[in-house]
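Student: One structure follows; several queries about it will come next.
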Amino acid sequence: MNAAERIFKCTFCCDTFKHKYDWSRHEKSLHLNMEEWICAPHGASVVLPLTGRVHCAYCSALDPTPEHLQQHNHLAHNVTDSTPRVFRRKDHLVQHLRLVHGLDTLPLIDDWKIESMPVVSRCGFCNMTLNSWDERKDHLAAHFREGKTMANWRGDHGFDPAVAARLTHAFPPYLLAHQATTLVPFSATDPASMDHTKQLLSQINSMTMAESTNQSEPNTDQGQENVISEAVPLATQHELDTFVLANVLTRHLSRFARQQMLAGIIPTDEMFQRESRRILYQNGDDEWNQTVADDPSWLQEFKEQTGFGGVSNS
Ligand SMILES: [Zn+2]
Ligand SMILES: [Zn+2]
Ligand SMILES: [Zn+2]
Ligand SMILES: [Zn+2]
């Protein structure tokens, strides 16, 4: 298919789409699934509108007795709080119905789904606040039809922390245009790309861990706060597991900048670029190894976000 036709761009990975529907479904199912599935949300005995009579929620039997419901292990949820009742995915609820309630034939569970919370975000093309996922979908689609690409996107998604915590396989949106030009572009639908990214992430993480451990020798300097020696991992396990690359490099570079400034050195653009090459390619000197820090607008944004602005060799 002609790449030019694929105008709808995933804002979390490098995948592109010809149709708005496919694009929107991809973003939602692969990157930000806000659905929740609840086991028997209306109780074990439900009145079916069709018959006006009481049925068992698990097997649709008429007028279920307490003994009948107990055959489905209905009290499992009351007995112990450790039995989860809310699931992020439909297949997890189905598995629960099989294992906990012993069902072979599944009841109708289409209305056991809830959309948990409204997703507020920002548009990276015009900075407008978008108050729901539907609004976001239509708004961004209009920009894509105007010819906008991820190269025009500025800043992050602007999700609330609770929403951001549910992101999976997400690359920072302002890095995607650059990322799409790399040898192995980040794609949530390409297993090879996922492997590559996972390796890269844990590599960066262990390098940073090793370096911050080396530096945590006892600090005899009394008054000075020893800010550089905290052995905080660069990426949390959650970020590694879900490949949320958001700001892993940013965090590394801001730590690098802090170390330099404590040593009395004001880092230049070139130093940031060298350090990015070193951490991503284990070789800071080979300028063929391009990183996002070679992109002037990325570097500018980084410096603004981290407060290392005002430092420029230009
Ligand atoms: Zn994607
Ligand atoms: Zn249940
Ligand atoms: Zn039943
Ligand atoms: Zn906009």
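Residues are referred to by chain and number: the chain letter is A, B, ... according to the order shown in the structure tokens, the number counts from 1 in that chain, and ligands are numbered separately from 1 in the order shown.
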Hey, which residues come within 10 Å of ligand 2 if we count only C-alpha atoms and all ligand atoms? Could you give them as a PyMOL selection string?
Tutor: chain A and resi 38-41+44+58+72-78+83-86+93-102
Student: Using only C-alpha atoms and all ligand atoms, which residues have at least one atom no more than 8 Å from ligand 1? Output them as a tab-separated table (two decimals) with N, CA and C atoms, in the first residue's frame.
Tutor:
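Produced file selection-v3.tsv, reproduced below:
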chain	number	residue	atom	x	y	z
A	10	CYS	N	-0.47	6.46	14.54
A	10	CYS	CA	-0.55	6.12	15.96
A	10	CYS	C	0.28	7.13	16.73
A	11	THR	N	-0.24	7.65	17.84
A	11	THR	CA	0.52	8.63	18.62
A	11	THR	C	1.31	7.96	19.75
A	12	PHE	N	1.37	6.62	19.72
A	12	PHE	CA	2.12	5.88	20.74
A	12	PHE	C	3.23	5.01	20.15
A	13	CYS	N	3.09	4.64	18.86
A	13	CYS	CA	4.14	3.87	18.20
A	13	CYS	C	4.20	4.32	16.74
A	14	CYS	N	5.05	3.67	15.93
A	14	CYS	CA	5.26	4.16	14.56
A	14	CYS	C	4.28	3.59	13.54
A	15	ASP	N	3.25	2.88	13.98
A	15	ASP	CA	2.28	2.32	13.04
A	15	ASP	C	1.43	3.42	12.40
A	16	THR	N	1.06	3.18	11.14
A	16	THR	CA	0.22	4.15	10.43
A	16	THR	C	-0.96	3.43	9.79
A	26	HIS	N	-6.70	0.60	16.98
A	26	HIS	CA	-5.32	0.24	17.33
A	26	HIS	C	-4.87	0.99	18.58
A	27	GLU	N	-5.06	2.31	18.61
A	27	GLU	CA	-4.61	3.10	19.75
A	27	GLU	C	-5.28	2.62	21.03
A	30	LEU	N	-4.32	-1.40	21.76
A	30	LEU	CA	-2.92	-1.71	22.03
A	30	LEU	C	-2.25	-0.78	23.03
A	31	HIS	N	-2.74	0.43	23.16
A	31	HIS	CA	-1.99	1.38	23.98
A	31	HIS	C	-2.74	1.91	25.19
A	169	HIS	N	3.07	-0.13	25.94
A	169	HIS	CA	3.85	-0.07	24.70
A	169	HIS	C	3.91	1.33	24.12
A	170	ALA	N	4.12	2.32	25.00
A	170	ALA	CA	4.01	3.68	24.51
A	170	ALA	C	5.36	4.38	24.43
A	187	SER	N	7.26	-0.43	16.97
A	187	SER	CA	5.91	-0.77	16.56
A	187	SER	C	5.32	-1.74	17.55
A	188	ALA	N	4.13	-1.42	18.05
A	188	ALA	CA	3.48	-2.29	19.03
A	188	ALA	C	2.97	-3.57	18.39
A	189	THR	N	2.95	-3.63	17.05
A	189	THR	CA	2.41	-4.82	16.39
A	189	THR	C	3.52	-5.67	15.77
Student: Using only C-alpha atoms and all ligand atoms, I'd like a table of the residues in chain A that come within 8 Å of ligand 3; for each, show the closest atom pair and its distance in Å rounded to one decimal, ordered by chain and ascending number, as JSON lines.
Tutor:
{"residue": "A:His55", "atom": "CA", "partner": "ligand 3", "partner_atom_place_in_ligand_line": "1 (Zn)", "distance": 7.8}
{"residue": "A:Cys56", "atom": "CA", "partner": "ligand 3", "partner_atom_place_in_ligand_line": "1 (Zn)", "distance": 4.6}
{"residue": "A:Ala57", "atom": "CA", "partner": "ligand 3", "partner_atom_place_in_ligand_line": "1 (Zn)", "distance": 6.5}
{"residue": "A:Tyr58", "atom": "CA", "partner": "ligand 3", "partner_atom_place_in_ligand_line": "1 (Zn)", "distance": 4.9}
{"residue": "A:Cys59", "atom": "CA", "partner": "ligand 3", "partner_atom_place_in_ligand_line": "1 (Zn)", "distance": 4.0}
{"residue": "A:Ser60", "atom": "CA", "partner": "ligand 3", "partner_atom_place_in_ligand_line": "1 (Zn)", "distance": 5.9}
{"residue": "A:Ala61", "atom": "CA", "partner": "ligand 3", "partner_atom_place_in_ligand_line": "1 (Zn)", "distance": 5.3}
{"residue": "A:Pro64", "atom": "CA", "partner": "ligand 3", "partner_atom_place_in_ligand_line": "1 (Zn)", "distance": 6.6}
{"residue": "A:His68", "atom": "CA", "partner": "ligand 3", "partner_atom_place_in_ligand_line": "1 (Zn)", "distance": 6.2}
{"residue": "A:Leu69", "atom": "CA", "partner": "ligand 3", "partner_atom_place_in_ligand_line": "1 (Zn)", "distance": 5.9}
{"residue": "A:Gln71", "atom": "CA", "partner": "ligand 3", "partner_atom_place_in_ligand_line": "1 (Zn)", "distance": 7.6}
{"residue": "A:His72", "atom": "CA", "partner": "ligand 3", "partner_atom_place_in_ligand_line": "1 (Zn)", "distance": 6.5}
Student: So which residues are near ligand 4, meaning at most 8 Å away with only C-alpha atoms and all ligand atoms counted, given back as an MDAnalysis selection string?
Tutor: chainID A and resid 122:128 139:140 143
Student: Choose the residue, out of A:Lys20, A:Val119, A:Glu67, A:Pro49, that has the smallest atom-to-atom separation from A:Leu167; count only C-alpha atoms.
Tutor: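 Selected residue with least distance to A:Leu167: A:Val119.
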Student: Using only C-alpha atoms, pick whichever of A:Ser121, A:Gln70, A:Asn33, A:Ser276 has the shortest atom-to-atom distance to A:Phe87.
Tutor: A:Asn33
Student: Write out as a ChimeraX atom specification all residues of stretch 47-181 of chain A that DSSP puts in strand (DSSP E or B) for this structure's backbone.
Tutor: /A:47-48,53-56,62,86-87,113-115,121-122,129-130
Student: Enumerate, as an MDAnalysis selection string, the complete set of residues in stretch 33-189 of chain A that a backbone-based DSSP assignment places in alpha helix (DSSP H).
Tutor: chainID A and resid 66:71 76:79 90:99 133:146 161:164 176:179
Student: One number please: atom CA of A:Pro172 to atom CA of A:Gly155, in Å, one decimal.
Tutor: 8.5 Å
Student: Could you jot down the atom CA of A:Asp190 to atom CA of A:Phe8 separation for me, Å, one decimal place?
Tutor: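 Computing the Euclidean distance for atom CA of A:Asp190 and atom CA of A:Phe8 yields 17.9 Å.
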Student: Nearest to A:Pro161 among A:Val46, A:Ala177, A:Leu130, A:Val120, with distances taken over only C-alpha atoms: which residue is it?
Tutor: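 Nearest to A:Pro161: A:Val120.
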